[in-house]
file work36.cif (mmCIF, C-alpha atoms)
data_upload
#
loop_
_atom_site.group_PDB
_atom_site.id
_atom_site.type_symbol
_atom_site.label_atom_id
_atom_site.label_comp_id
_atom_site.auth_asym_id
_atom_site.auth_seq_id
_atom_site.Cartn_x
_atom_site.Cartn_y
_atom_site.Cartn_z
ATOM 1 C CA MET A 1 34.092 -3.349 -18.275
ATOM 2 C CA ILE A 2 35.759 -3.628 -14.867
ATOM 3 C CA PHE A 3 37.559 -0.500 -13.672
ATOM 4 C CA ILE A 4 40.363 -0.906 -11.123
ATOM 5 C CA THR A 5 41.552 2.208 -9.329
ATOM 6 C CA THR A 6 44.324 2.470 -6.755
ATOM 7 C CA GLY A 7 44.069 6.165 -5.922
ATOM 8 C CA THR A 8 46.442 9.059 -6.252
ATOM 9 C CA GLN A 9 49.236 8.154 -3.847
ATOM 10 C CA ILE A 10 51.312 4.981 -3.418
ATOM 11 C CA PRO A 11 50.964 2.168 -6.043
ATOM 12 C CA PHE A 12 49.016 -0.921 -4.975
ATOM 13 C CA ASP A 13 50.263 -3.766 -7.178
ATOM 14 C CA ARG A 14 48.914 -6.513 -4.899
ATOM 15 C CA LEU A 15 45.400 -5.532 -5.947
ATOM 16 C CA VAL A 16 46.017 -5.435 -9.699
ATOM 17 C CA ARG A 17 48.080 -8.648 -9.612
ATOM 18 C CA ALA A 18 45.258 -10.469 -7.841
ATOM 19 C CA VAL A 19 42.761 -9.357 -10.483
ATOM 20 C CA GLU A 20 45.196 -10.325 -13.236
ATOM 21 C CA GLN A 21 45.624 -13.813 -11.724
ATOM 22 C CA TRP A 22 41.879 -14.222 -11.542
ATOM 23 C CA LEU A 23 41.533 -13.191 -15.206
ATOM 24 C CA ILE A 24 44.212 -15.686 -16.301
ATOM 25 C CA ILE A 25 43.165 -18.665 -14.164
ATOM 26 C CA ASN A 26 39.512 -18.383 -15.123
ATOM 27 C CA ASN A 27 40.224 -17.311 -18.686
ATOM 28 C CA VAL A 28 37.815 -14.409 -18.235
ATOM 29 C CA ASN A 29 37.081 -12.404 -21.331
ATOM 30 C CA THR A 30 36.124 -9.010 -19.920
ATOM 31 C CA ASP A 31 37.610 -5.587 -20.603
ATOM 32 C CA VAL A 32 39.592 -4.419 -17.600
ATOM 33 C CA ILE A 33 41.031 -0.925 -17.181
ATOM 34 C CA ALA A 34 43.537 -0.516 -14.341
ATOM 35 C CA GLN A 35 44.736 2.811 -12.930
ATOM 36 C CA VAL A 36 47.880 1.704 -11.117
ATOM 37 C CA GLY A 37 49.707 4.896 -10.097
ATOM 38 C CA ASN A 38 53.472 5.233 -10.282
ATOM 39 C CA SER A 39 54.089 1.492 -10.786
ATOM 40 C CA ASP A 40 56.037 -0.797 -13.119
ATOM 41 C CA PHE A 41 53.107 -3.186 -13.311
ATOM 42 C CA ASN A 42 52.093 -4.212 -16.799
ATOM 43 C CA SER A 43 49.779 -6.857 -18.147
ATOM 44 C CA ASN A 44 48.571 -8.447 -21.358
ATOM 45 C CA CYS A 45 45.062 -8.956 -20.093
ATOM 46 C CA MET A 46 44.164 -5.440 -19.037
ATOM 47 C CA LYS A 47 44.677 -1.853 -20.126
ATOM 48 C CA VAL A 48 47.123 -0.345 -17.629
ATOM 49 C CA LEU A 49 47.267 3.409 -17.030
ATOM 50 C CA PRO A 50 49.437 5.207 -14.442
ATOM 51 C CA SER A 51 47.139 8.107 -13.631
ATOM 52 C CA LEU A 52 44.045 9.663 -15.126
ATOM 53 C CA GLU A 53 42.870 13.191 -15.698
ATOM 54 C CA PRO A 54 39.687 13.919 -13.729
ATOM 55 C CA GLN A 55 37.496 13.747 -16.847
ATOM 56 C CA GLU A 56 38.995 10.420 -18.014
ATOM 57 C CA PHE A 57 38.479 9.011 -14.530
ATOM 58 C CA GLU A 58 34.836 10.098 -14.573
ATOM 59 C CA ASP A 59 34.351 8.570 -18.038
ATOM 60 C CA TYR A 60 35.728 5.173 -16.976
ATOM 61 C CA ILE A 61 33.619 5.239 -13.803
ATOM 62 C CA ASN A 62 30.498 5.990 -15.827
ATOM 63 C CA SER A 63 31.102 3.292 -18.441
ATOM 64 C CA CYS A 64 32.169 0.429 -16.151
ATOM 65 C CA GLU A 65 29.904 -2.269 -14.692
ATOM 66 C CA LEU A 66 32.036 -2.804 -11.599
ATOM 67 C CA ILE A 67 34.679 -0.824 -9.718
ATOM 68 C CA VAL A 68 37.488 -2.602 -7.856
ATOM 69 C CA SER A 69 39.597 -0.338 -5.666
ATOM 70 C CA HIS A 70 41.690 0.191 -2.577
ATOM 71 C CA ALA A 71 39.572 1.015 0.466
ATOM 72 C CA GLY A 72 39.740 4.771 -0.116
ATOM 73 C CA MET A 73 36.897 7.107 0.750
ATOM 74 C CA GLY A 74 37.063 8.717 -2.689
ATOM 75 C CA SER A 75 36.307 5.385 -4.353
ATOM 76 C CA ILE A 76 33.537 4.570 -1.891
ATOM 77 C CA LEU A 77 31.763 7.917 -2.224
ATOM 78 C CA THR A 78 32.242 7.930 -6.004
ATOM 79 C CA ALA A 79 30.763 4.419 -6.383
ATOM 80 C CA LEU A 80 27.751 5.350 -4.242
ATOM 81 C CA ARG A 81 27.240 8.616 -6.138
ATOM 82 C CA THR A 82 27.435 6.987 -9.579
ATOM 83 C CA LYS A 83 25.486 3.890 -8.448
ATOM 84 C CA LYS A 84 28.124 1.322 -9.378
ATOM 85 C CA PRO A 85 28.887 -1.832 -7.395
ATOM 86 C CA LEU A 86 32.271 -1.567 -5.677
ATOM 87 C CA ILE A 87 34.716 -4.138 -4.297
ATOM 88 C CA ILE A 88 37.155 -2.629 -1.787
ATOM 89 C CA PHE A 89 40.460 -4.282 -0.946
ATOM 90 C CA PRO A 90 42.330 -2.612 1.938
ATOM 91 C CA ARG A 91 45.948 -1.489 1.814
ATOM 92 C CA GLN A 92 48.077 -2.775 4.686
ATOM 93 C CA ALA A 93 50.812 -0.778 6.397
ATOM 94 C CA LYS A 94 52.885 -3.878 7.184
ATOM 95 C CA LEU A 95 53.195 -4.546 3.445
ATOM 96 C CA GLY A 96 54.312 -0.965 2.808
ATOM 97 C CA GLU A 97 51.050 -0.123 1.072
ATOM 98 C CA HIS A 98 50.157 2.890 3.212
ATOM 99 C CA ARG A 99 51.425 4.954 6.124
ATOM 100 C CA ASN A 100 48.956 3.383 8.528
ATOM 101 C CA ASP A 101 46.102 0.876 8.664
ATOM 102 C CA HIS A 102 43.168 3.269 8.324
ATOM 103 C CA GLN A 103 41.957 1.309 5.272
ATOM 104 C CA LEU A 104 41.432 -1.738 7.486
ATOM 105 C CA ALA A 105 39.272 0.513 9.668
ATOM 106 C CA THR A 106 37.425 1.735 6.579
ATOM 107 C CA VAL A 107 36.483 -1.792 5.476
ATOM 108 C CA ASN A 108 35.144 -2.455 8.971
ATOM 109 C CA SER A 109 33.060 0.737 8.871
ATOM 110 C CA PHE A 110 31.641 0.049 5.420
ATOM 111 C CA SER A 111 31.234 -3.729 5.448
ATOM 112 C CA ASN A 112 27.468 -3.442 5.966
ATOM 113 C CA VAL A 113 26.802 -0.674 3.447
ATOM 114 C CA PRO A 114 24.731 -1.846 0.444
ATOM 115 C CA GLY A 115 26.709 -1.727 -2.804
ATOM 116 C CA ILE A 116 30.086 -1.936 -1.031
ATOM 117 C CA TYR A 117 31.678 -5.393 -1.068
ATOM 118 C CA VAL A 118 34.681 -6.003 1.164
ATOM 119 C CA ALA A 119 37.533 -8.316 0.128
ATOM 120 C CA ARG A 120 39.938 -8.694 3.048
ATOM 121 C CA ASN A 121 42.377 -10.854 1.104
ATOM 122 C CA GLU A 122 43.099 -12.136 -2.398
ATOM 123 C CA ASP A 123 40.822 -15.191 -2.052
ATOM 124 C CA GLU A 124 37.843 -13.081 -0.991
ATOM 125 C CA LEU A 125 38.561 -10.742 -3.894
ATOM 126 C CA LYS A 126 38.554 -13.615 -6.390
ATOM 127 C CA SER A 127 35.328 -15.102 -5.092
ATOM 128 C CA LEU A 128 33.616 -11.696 -5.280
ATOM 129 C CA LEU A 129 34.877 -11.334 -8.867
ATOM 130 C CA ASP A 130 33.463 -14.806 -9.646
ATOM 131 C CA LYS A 131 29.999 -13.598 -8.696
ATOM 132 C CA ARG A 132 30.421 -10.105 -10.166
ATOM 133 C CA HIS A 133 27.110 -10.284 -12.046
ATOM 134 C CA GLU A 134 25.245 -10.637 -8.756
ATOM 135 C CA LEU A 135 26.805 -7.541 -7.152
ATOM 136 C CA LYS A 136 24.352 -4.670 -6.730
ATOM 137 C CA ALA A 137 25.008 -0.941 -6.752
ATOM 138 C CA GLY A 138 24.469 1.210 -3.690
ATOM 139 C CA ASN A 139 23.203 4.745 -3.391
ATOM 140 C CA LEU A 140 24.369 7.948 -1.719
ATOM 141 C CA VAL A 141 21.525 8.722 0.651
ATOM 142 C CA ASP A 142 21.228 11.985 2.554
ATOM 143 C CA SER A 143 21.236 10.473 6.046
ATOM 144 C CA SER A 144 20.164 12.469 9.094
ATOM 145 C CA GLU A 145 23.848 12.673 10.055
ATOM 146 C CA TYR A 146 24.586 14.302 6.695
ATOM 147 C CA THR A 147 21.718 16.772 7.105
ATOM 148 C CA ASN A 148 23.072 17.620 10.582
ATOM 149 C CA LEU A 149 26.519 18.255 9.169
ATOM 150 C CA ILE A 150 25.213 20.602 6.479
ATOM 151 C CA ASN A 151 22.951 22.511 8.895
ATOM 152 C CA ASN A 152 25.696 22.865 11.501
ATOM 153 C CA LEU A 153 28.146 24.180 8.917
ATOM 154 C CA LYS A 154 25.511 26.590 7.586
ATOM 155 C CA GLY A 155 25.203 27.887 11.142
ATOM 156 C CA LEU A 156 28.960 28.437 11.328
ATOM 157 C CA PHE A 157 29.013 30.297 8.022
ATOM 158 C CA SER A 158 26.179 32.605 9.065
ATOM 159 C CA ASN A 159 28.199 34.008 11.982
ATOM 160 C CA MET B 1 25.830 43.688 3.068
ATOM 161 C CA PRO B 2 27.833 41.662 0.559
ATOM 162 C CA ASN B 3 27.945 37.898 0.929
ATOM 163 C CA LYS B 4 30.651 36.417 3.069
ATOM 164 C CA LYS B 5 33.244 34.424 1.196
ATOM 165 C CA ILE B 6 34.495 30.875 1.769
ATOM 166 C CA LEU B 7 37.789 29.459 0.541
ATOM 167 C CA ALA B 8 37.230 25.677 0.285
ATOM 168 C CA VAL B 9 40.446 23.713 -0.123
ATOM 169 C CA SER B 10 41.404 20.049 -0.299
ATOM 170 C CA SER B 11 43.724 17.449 -1.751
ATOM 171 C CA PRO B 12 42.448 15.205 -4.570
ATOM 172 C CA GLY B 13 40.794 11.811 -4.189
ATOM 173 C CA GLY B 14 38.734 11.117 -1.098
ATOM 174 C CA HIS B 15 39.474 14.494 0.464
ATOM 175 C CA TRP B 16 38.056 16.300 -2.550
ATOM 176 C CA VAL B 17 35.012 14.033 -2.847
ATOM 177 C CA GLN B 18 34.187 14.820 0.788
ATOM 178 C CA LEU B 19 34.677 18.566 0.239
ATOM 179 C CA CYS B 20 32.167 18.379 -2.628
ATOM 180 C CA ARG B 21 29.620 16.859 -0.231
ATOM 181 C CA LEU B 22 29.832 20.090 1.829
ATOM 182 C CA VAL B 23 28.813 22.383 -1.043
ATOM 183 C CA PRO B 24 25.136 22.674 0.073
ATOM 184 C CA SER B 25 26.349 24.260 3.337
ATOM 185 C CA PHE B 26 27.995 27.105 1.371
ATOM 186 C CA ASP B 27 24.590 28.396 0.145
ATOM 187 C CA SER B 28 24.560 31.725 1.953
ATOM 188 C CA CYS B 29 28.143 32.622 0.978
ATOM 189 C CA SER B 30 30.168 33.050 -2.164
ATOM 190 C CA VAL B 31 32.814 30.378 -2.509
ATOM 191 C CA VAL B 32 36.156 29.925 -4.237
ATOM 192 C CA TYR B 33 37.963 26.580 -4.416
ATOM 193 C CA ALA B 34 41.590 25.582 -4.177
ATOM 194 C CA GLY B 35 43.077 22.181 -4.931
ATOM 195 C CA VAL B 36 46.386 20.549 -5.547
ATOM 196 C CA TYR B 37 46.289 19.655 -9.230
ATOM 197 C CA THR B 38 44.218 20.478 -12.298
ATOM 198 C CA ARG B 39 40.636 21.602 -12.030
ATOM 199 C CA PRO B 40 38.331 18.793 -10.795
ATOM 200 C CA THR B 41 35.357 17.792 -12.954
ATOM 201 C CA GLU B 42 32.811 18.229 -10.171
ATOM 202 C CA LEU B 43 33.082 22.034 -10.321
ATOM 203 C CA ASN B 44 30.661 24.086 -12.415
ATOM 204 C CA SER B 45 32.341 25.970 -15.230
ATOM 205 C CA ASP B 46 31.695 29.309 -13.513
ATOM 206 C CA ALA B 47 33.315 28.248 -10.200
ATOM 207 C CA VAL B 48 36.606 29.951 -9.308
ATOM 208 C CA TYR B 49 39.393 27.377 -8.867
ATOM 209 C CA TYR B 50 43.026 27.851 -7.839
ATOM 210 C CA GLN B 51 45.767 25.256 -8.144
ATOM 211 C CA ILE B 52 48.168 25.456 -5.204
ATOM 212 C CA GLY B 53 50.475 22.447 -5.849
ATOM 213 C CA ASP B 54 51.052 19.467 -3.602
ATOM 214 C CA VAL B 55 53.034 19.094 -0.441
ATOM 215 C CA SER B 56 53.279 15.970 1.719
ATOM 216 C CA ARG B 57 55.455 14.630 4.505
ATOM 217 C CA ASP B 58 57.866 13.449 1.800
ATOM 218 C CA THR B 59 57.999 16.783 -0.025
ATOM 219 C CA MET B 60 58.264 19.313 2.805
ATOM 220 C CA LEU B 61 60.716 21.381 0.719
ATOM 221 C CA LYS B 62 57.772 22.511 -1.387
ATOM 222 C CA ILE B 63 56.187 24.272 1.593
ATOM 223 C CA PRO B 64 57.605 27.753 0.799
ATOM 224 C CA LYS B 65 56.420 27.669 -2.816
ATOM 225 C CA VAL B 66 52.956 26.316 -1.966
ATOM 226 C CA SER B 67 52.704 28.821 0.896
ATOM 227 C CA SER B 68 53.425 31.771 -1.344
ATOM 228 C CA THR B 69 50.669 30.619 -3.720
ATOM 229 C CA ILE B 70 48.246 30.306 -0.793
ATOM 230 C CA ILE B 71 49.165 33.788 0.465
ATOM 231 C CA LYS B 72 48.479 35.247 -2.988
ATOM 232 C CA ILE B 73 45.067 33.554 -3.112
ATOM 233 C CA ILE B 74 44.133 34.794 0.357
ATOM 234 C CA ARG B 75 45.275 38.366 -0.431
ATOM 235 C CA ASN B 76 43.371 38.293 -3.694
ATOM 236 C CA GLU B 77 40.119 36.722 -2.457
ATOM 237 C CA LYS B 78 40.038 37.934 1.169
ATOM 238 C CA PRO B 79 37.835 35.049 2.353
ATOM 239 C CA ASN B 80 35.944 35.239 5.662
ATOM 240 C CA PHE B 81 36.205 31.475 6.153
ATOM 241 C CA ILE B 82 38.592 28.717 5.129
ATOM 242 C CA ILE B 83 37.309 25.147 5.252
ATOM 243 C CA THR B 84 39.308 22.023 4.403
ATOM 244 C CA THR B 85 38.894 18.256 4.450
ATOM 245 C CA GLY B 86 42.705 17.779 4.343
ATOM 246 C CA ALA B 87 45.319 16.851 3.840
ATOM 247 C CA LEU B 88 48.652 18.692 4.416
ATOM 248 C CA PRO B 89 48.032 21.448 1.805
ATOM 249 C CA GLY B 90 44.710 22.133 3.546
ATOM 250 C CA LEU B 91 46.429 22.292 6.924
ATOM 251 C CA LEU B 92 48.977 24.738 5.523
ATOM 252 C CA THR B 93 46.144 26.907 4.173
ATOM 253 C CA LEU B 94 44.451 26.922 7.593
ATOM 254 C CA PHE B 95 47.706 27.930 9.262
ATOM 255 C CA ILE B 96 48.303 30.805 6.849
ATOM 256 C CA GLY B 97 44.636 31.784 7.064
ATOM 257 C CA LYS B 98 44.927 32.049 10.839
ATOM 258 C CA LEU B 99 47.851 34.467 10.425
ATOM 259 C CA PHE B 100 45.520 36.624 8.317
ATOM 260 C CA GLY B 101 42.852 36.438 11.044
ATOM 261 C CA ILE B 102 40.474 34.321 8.958
ATOM 262 C CA LYS B 103 38.045 31.905 10.599
ATOM 263 C CA THR B 104 39.215 28.364 9.844
ATOM 264 C CA ILE B 105 37.449 24.991 9.867
ATOM 265 C CA TRP B 106 38.973 21.499 9.628
ATOM 266 C CA LEU B 107 36.816 18.451 8.851
ATOM 267 C CA ASP B 108 38.825 15.262 9.352
ATOM 268 C CA SER B 109 38.285 12.603 6.668
ATOM 269 C CA ILE B 110 35.668 9.944 7.343
ATOM 270 C CA ALA B 111 38.445 7.458 6.513
ATOM 271 C CA ASN B 112 39.911 8.193 9.957
ATOM 272 C CA SER B 113 37.479 6.105 11.959
ATOM 273 C CA GLU B 114 39.855 4.814 14.638
ATOM 274 C CA SER B 115 42.127 7.795 15.187
ATOM 275 C CA ILE B 116 42.333 11.416 14.048
ATOM 276 C CA SER B 117 44.842 12.014 11.239
ATOM 277 C CA ALA B 118 48.206 13.563 12.124
ATOM 278 C CA SER B 119 47.194 16.684 10.192
ATOM 279 C CA GLY B 120 43.864 16.733 12.033
ATOM 280 C CA ARG B 121 45.591 16.643 15.411
ATOM 281 C CA LEU B 122 47.715 19.632 14.406
ATOM 282 C CA ALA B 123 44.651 21.353 12.978
ATOM 283 C CA SER B 124 42.892 21.036 16.333
ATOM 284 C CA TYR B 125 45.459 23.470 17.761
ATOM 285 C CA ILE B 126 45.216 25.898 14.851
ATOM 286 C CA ALA B 127 41.663 25.886 13.524
ATOM 287 C CA ASP B 128 38.751 27.761 15.085
ATOM 288 C CA ASP B 129 36.687 24.619 14.637
ATOM 289 C CA CYS B 130 37.977 21.088 14.244
ATOM 290 C CA PHE B 131 35.553 18.263 13.485
ATOM 291 C CA THR B 132 35.783 14.493 13.259
ATOM 292 C CA GLN B 133 33.208 12.361 11.440
ATOM 293 C CA TRP B 134 33.280 9.695 14.167
ATOM 294 C CA PRO B 135 31.553 10.432 17.516
ATOM 295 C CA ASN B 136 33.969 8.093 19.353
ATOM 296 C CA LEU B 137 36.946 10.298 18.386
ATOM 297 C CA THR B 138 35.799 13.571 19.925
ATOM 298 C CA THR B 139 38.050 15.374 22.411
ATOM 299 C CA SER B 140 37.876 18.740 24.148
ATOM 300 C CA LYS B 141 39.133 20.353 20.923
ATOM 301 C CA ILE B 142 37.644 18.031 18.293
ATOM 302 C CA LYS B 143 33.858 17.942 17.939
ATOM 303 C CA TYR B 144 31.369 15.797 16.039
ATOM 304 C CA ILE B 145 28.583 17.595 14.120
ATOM 305 C CA GLY B 146 27.644 14.973 11.500
ATOM 306 C CA ARG B 147 29.244 13.153 8.601
ATOM 307 C CA VAL B 148 29.330 13.165 4.806
ATOM 308 C CA VAL B 149 27.369 9.894 4.419
#
call {"tool": "encode", "arguments": {"input": "work36.cif", "output": "structure tokens"}}
result
Amino acid sequence: MIFITTGTQIPFDRLVRAVEQWLIINNVNTDVIAQVGNSDFNSNCMKVLPSLEPQEFEDYINSCELIVSHAGMGSILTALRTKKPLIIFPRQAKLGEHRNDHQLATVNSFSNVPGIYVARNEDELKSLLDKRHELKAGNLVDSSEYTNLINNLKGLFSN
Amino acid sequence: MPNKKILAVSSPGGHWVQLCRLVPSFDSCSVVYAGVYTRPTELNSDAVYYQIGDVSRDTMLKIPKVSSTIIKIIRNEKPNFIITTGALPGLLTLFIGKLFGIKTIWLDSIANSESISASGRLASYIADDCFTQWPNLTTSKIKYIGRVV
């Protein structure tokens, strides 16, 4: 099962439409669950849900083989934590998909992270979906920067 | 001496996921959580969780109601520290916490890699400590002490 998630704020129909097109053109027979937010989007080839309770979200994450999402940090950290391959597709401010272009910055920051696959446009998204069985999961490692953060905060809380 | 208490607050999604990454730093304190909507699944069943309601730039009219909830939580729990990873509800909690003389900490989301968020810039004037997760974004008020990944 492929799980598409667009986060908790503004809808992101461009992402779900691109996946839908890919499903139709290639006649792909895979279960797809799409969390689309407050959107009118509907589709015959996927299960469309506006929003999910935290437990439902966790259940879909755990049972999917691949996550496709906007380039949100929640999706990235969740995919690394649950060891699922993730395709991120950034929202663009000029298309009214977010307040600013921080998701373009996020894809630049995470383009070299194992398990995170960046699709900068619809074509890149479709070619990543074509080779979905080759995509590998990443892992949430406790980097030295993370250890520093925790130790520094511990220091603050001991004062 | 009793443990010090932390109020950890954040919006859902990426903000909350990043807040959860900070939990190991809360070891020496007791901690209560506050979020915007229903109780997140990451929390243990014995964790104390408050729902404060959402407020964003588009729903500023909700500020008084959300504020009164935050004030009740602070009066009830009397935390020594407030820490947030954003967004606006977290900033509001820091602001109110400051009025109560509580030590406040802002950690800007790792998503903000090219500029500090608008809330983070405001937080740098309010919070006792304001942190970015990108070393290139530090200023005299905003420090870098590590990151969640």
call {"tool": "closest_atom_pairs", "arguments": {"input": "work36.cif", "of": "chain B", "to": "chain A", "cutoff": "8 Å", "atoms": "only C-alpha atoms", "output": "JSON lines"}}
result
{"residue": "B:Pro12", "atom": "CA", "partner": "A:Thr8", "partner_atom": "CA", "distance": 7.5}
{"residue": "B:Gly13", "atom": "CA", "partner": "A:Gly74", "partner_atom": "CA", "distance": 5.1}
{"residue": "B:Gly14", "atom": "CA", "partner": "A:Gly74", "partner_atom": "CA", "distance": 3.3}
{"residue": "B:His15", "atom": "CA", "partner": "A:Gly74", "partner_atom": "CA", "distance": 7.0}
{"residue": "B:Trp16", "atom": "CA", "partner": "A:Gly74", "partner_atom": "CA", "distance": 7.6}
{"residue": "B:Val17", "atom": "CA", "partner": "A:Gly74", "partner_atom": "CA", "distance": 5.7}
{"residue": "B:Gln18", "atom": "CA", "partner": "A:Gly74", "partner_atom": "CA", "distance": 7.6}
{"residue": "B:Leu22", "atom": "CA", "partner": "A:Ile150", "partner_atom": "CA", "distance": 6.6}
{"residue": "B:Pro24", "atom": "CA", "partner": "A:Ile150", "partner_atom": "CA", "distance": 6.7}
{"residue": "B:Ser25", "atom": "CA", "partner": "A:Lys154", "partner_atom": "CA", "distance": 4.9}
{"residue": "B:Phe26", "atom": "CA", "partner": "A:Lys154", "partner_atom": "CA", "distance": 6.7}
{"residue": "B:Asp27", "atom": "CA", "partner": "A:Lys154", "partner_atom": "CA", "distance": 7.7}
{"residue": "B:Ser28", "atom": "CA", "partner": "A:Ser158", "partner_atom": "CA", "distance": 7.3}
{"residue": "B:Cys29", "atom": "CA", "partner": "A:Phe157", "partner_atom": "CA", "distance": 7.5}
{"residue": "B:Arg39", "atom": "CA", "partner": "A:Pro54", "partner_atom": "CA", "distance": 7.9}
{"residue": "B:Pro40", "atom": "CA", "partner": "A:Pro54", "partner_atom": "CA", "distance": 5.8}
{"residue": "B:Thr41", "atom": "CA", "partner": "A:Pro54", "partner_atom": "CA", "distance": 5.9}
{"residue": "B:Phe81", "atom": "CA", "partner": "A:Phe157", "partner_atom": "CA", "distance": 7.5}
{"residue": "B:Ile110", "atom": "CA", "partner": "A:Met73", "partner_atom": "CA", "distance": 7.3}
{"residue": "B:Ala111", "atom": "CA", "partner": "A:Thr106", "partner_atom": "CA", "distance": 5.8}
{"residue": "B:Asn112", "atom": "CA", "partner": "A:His102", "partner_atom": "CA", "distance": 6.1}
{"residue": "B:Ser113", "atom": "CA", "partner": "A:Ala105", "partner_atom": "CA", "distance": 6.3}
{"residue": "B:Glu114", "atom": "CA", "partner": "A:Ala105", "partner_atom": "CA", "distance": 6.6}
{"residue": "B:Ile145", "atom": "CA", "partner": "A:Leu149", "partner_atom": "CA", "distance": 5.4}
{"residue": "B:Gly146", "atom": "CA", "partner": "A:Leu149", "partner_atom": "CA", "distance": 4.2}
{"residue": "B:Arg147", "atom": "CA", "partner": "A:Tyr146", "partner_atom": "CA", "distance": 5.2}
{"residue": "B:Val148", "atom": "CA", "partner": "A:Tyr146", "partner_atom": "CA", "distance": 5.2}
{"residue": "B:Val149", "atom": "CA", "partner": "A:Tyr146", "partner_atom": "CA", "distance": 5.7}
call {"tool": "closest_residue", "arguments": {"input": "work36.cif", "among": "A:Ala119, A:Lys94, A:Ala79, A:Leu125", "to": "Ala137 (chain A)", "atoms": "all atoms listed in the file"}}
result
A:Ala79
call {"tool": "resolve_selection", "arguments": {"input": "work36.cif", "expression": "the PyMOL selection byres ((chain B and resi 143) around 10)", "output": "list in words"}}
result
Leu107, Ser124, Asp129, Cys130, Phe131, Thr132, Gln133, Trp134, Pro135, Asn136, Leu137, Thr138, Thr139, Ser140, Lys141, Ile142, Tyr144, Ile145 and Gly146 of chain B
call {"tool": "residues_around", "arguments": {"input": "work36.cif", "residues": "Leu7 (chain B)", "least_positions_apart": "6", "cutoff": "9 Å", "atoms": "all atoms listed in the file", "output": "short mmCIF file (atom, residue, chain, number, x, y, z; two decimals) with C-alpha atoms, in the coordinates of the input"}}
result
data_model
loop_
_atom_site.label_atom_id
_atom_site.label_comp_id
_atom_site.auth_asym_id
_atom_site.auth_seq_id
_atom_site.Cartn_x
_atom_site.Cartn_y
_atom_site.Cartn_z
CA SER B 30 30.17 33.05 -2.16
CA VAL B 31 32.81 30.38 -2.51
CA VAL B 32 36.16 29.92 -4.24
CA TYR B 33 37.96 26.58 -4.42
CA ALA B 34 41.59 25.58 -4.18
CA ILE B 74 44.13 34.79 0.36
CA GLU B 77 40.12 36.72 -2.46
CA LYS B 78 40.04 37.93 1.17
CA PRO B 79 37.84 35.05 2.35
CA ASN B 80 35.94 35.24 5.66
CA PHE B 81 36.20 31.48 6.15
CA ILE B 82 38.59 28.72 5.13
CA ILE B 83 37.31 25.15 5.25
CA THR B 84 39.31 22.02 4.40
#
call {"tool": "atom_distance", "arguments": {"input": "work36.cif", "atom1": "CA of Val118 (chain A)", "atom2": "CA of Ile88 (chain A)"}}
result
5.1 Å
call {"tool": "resolve_selection", "arguments": {"input": "work36.cif", "expression": "the PyMOL selection byres ((chain A and resi 6) around 7)", "output": "list in words"}}
result
Ile4, Thr5, Gly7, Thr8, Pro11, Phe12, Gln35, Val36, Gly37, Ser69 and His70 of chain A
call {"tool": "residues_around", "arguments": {"input": "work36.cif", "residues": "Ile33 (chain A)", "least_positions_apart": "5", "cutoff": "7 Å", "atoms": "only C-alpha atoms", "output": "PDB file with C-alpha atoms, in the frame of the given file"}}
result
ATOM      1  CA  ILE A   2      35.759  -3.628 -14.867  1.00  0.00           C
ATOM      2  CA  PHE A   3      37.559  -0.500 -13.672  1.00  0.00           C
ATOM      3  CA  ILE A   4      40.363  -0.906 -11.123  1.00  0.00           C
ATOM      4  CA  MET A  46      44.164  -5.440 -19.037  1.00  0.00           C
ATOM      5  CA  LYS A  47      44.677  -1.853 -20.126  1.00  0.00           C
ATOM      6  CA  VAL A  48      47.123  -0.345 -17.629  1.00  0.00           C
TER       7      VAL A  48
END
call {"tool": "atom_distance", "arguments": {"input": "work36.cif", "atom1": "CA of Gly53 (chain B)", "atom2": "CA of Pro89 (chain B)"}}
result
8.1 Å
call {"tool": "resolve_selection", "arguments": {"input": "work36.cif", "expression": "the PyMOL selection byres ((chain B and resi 55-60) around 10)", "output": "PyMOL selection string"}}
result
chain B and resi 11+36+52-54+61-67+87-90+92
call {"tool": "atom_distance", "arguments": {"input": "work36.cif", "atom1": "CA of Ile10 (chain A)", "atom2": "CA of Leu52 (chain A)"}}
result
14.6 Å
call {"tool": "closest_residue", "arguments": {"input": "work36.cif", "among": "A:Asn38, A:Gln21, A:Asn139, A:Asn26", "to": "Lys84 (chain A)", "atoms": "only C-alpha atoms"}}
result
A:Asn139
call {"tool": "residues_around", "arguments": {"input": "work36.cif", "residues": "Leu99 (chain B)", "least_positions_apart": "5", "cutoff": "12 Å", "atoms": "all atoms listed in the file", "output": "mmCIF file with C-alpha atoms, keeping the file's coordinate frame"}}
result
data_model
loop_
_atom_site.group_PDB
_atom_site.id
_atom_site.type_symbol
_atom_site.label_atom_id
_atom_site.label_comp_id
_atom_site.auth_asym_id
_atom_site.auth_seq_id
_atom_site.Cartn_x
_atom_site.Cartn_y
_atom_site.Cartn_z
ATOM 1 C CA ILE B 70 48.246 30.306 -0.793
ATOM 2 C CA ILE B 71 49.165 33.788 0.465
ATOM 3 C CA ILE B 74 44.133 34.794 0.357
ATOM 4 C CA ARG B 75 45.275 38.366 -0.431
ATOM 5 C CA LEU B 92 48.977 24.738 5.523
ATOM 6 C CA THR B 93 46.144 26.907 4.173
ATOM 7 C CA LEU B 94 44.451 26.922 7.593
ATOM 8 C CA THR B 104 39.215 28.364 9.844
ATOM 9 C CA ILE B 126 45.216 25.898 14.851
ATOM 10 C CA ALA B 127 41.663 25.886 13.524
#
call {"tool": "residues_around", "arguments": {"input": "work36.cif", "residues": "Cys20 (chain B)", "least_positions_apart": "6", "cutoff": "10 Å", "atoms": "all atoms listed in the file", "output": "short mmCIF file (atom, residue, chain, number, x, y, z; two decimals) with C-alpha atoms, in the coordinates of the input"}}
result
data_model
loop_
_atom_site.label_atom_id
_atom_site.label_comp_id
_atom_site.auth_asym_id
_atom_site.auth_seq_id
_atom_site.Cartn_x
_atom_site.Cartn_y
_atom_site.Cartn_z
CA ALA B 8 37.23 25.68 0.28
CA SER B 10 41.40 20.05 -0.30
CA GLY B 14 38.73 11.12 -1.10
CA GLU B 42 32.81 18.23 -10.17
CA LEU B 43 33.08 22.03 -10.32
CA THR B 85 38.89 18.26 4.45
CA VAL B 148 29.33 13.16 4.81
#
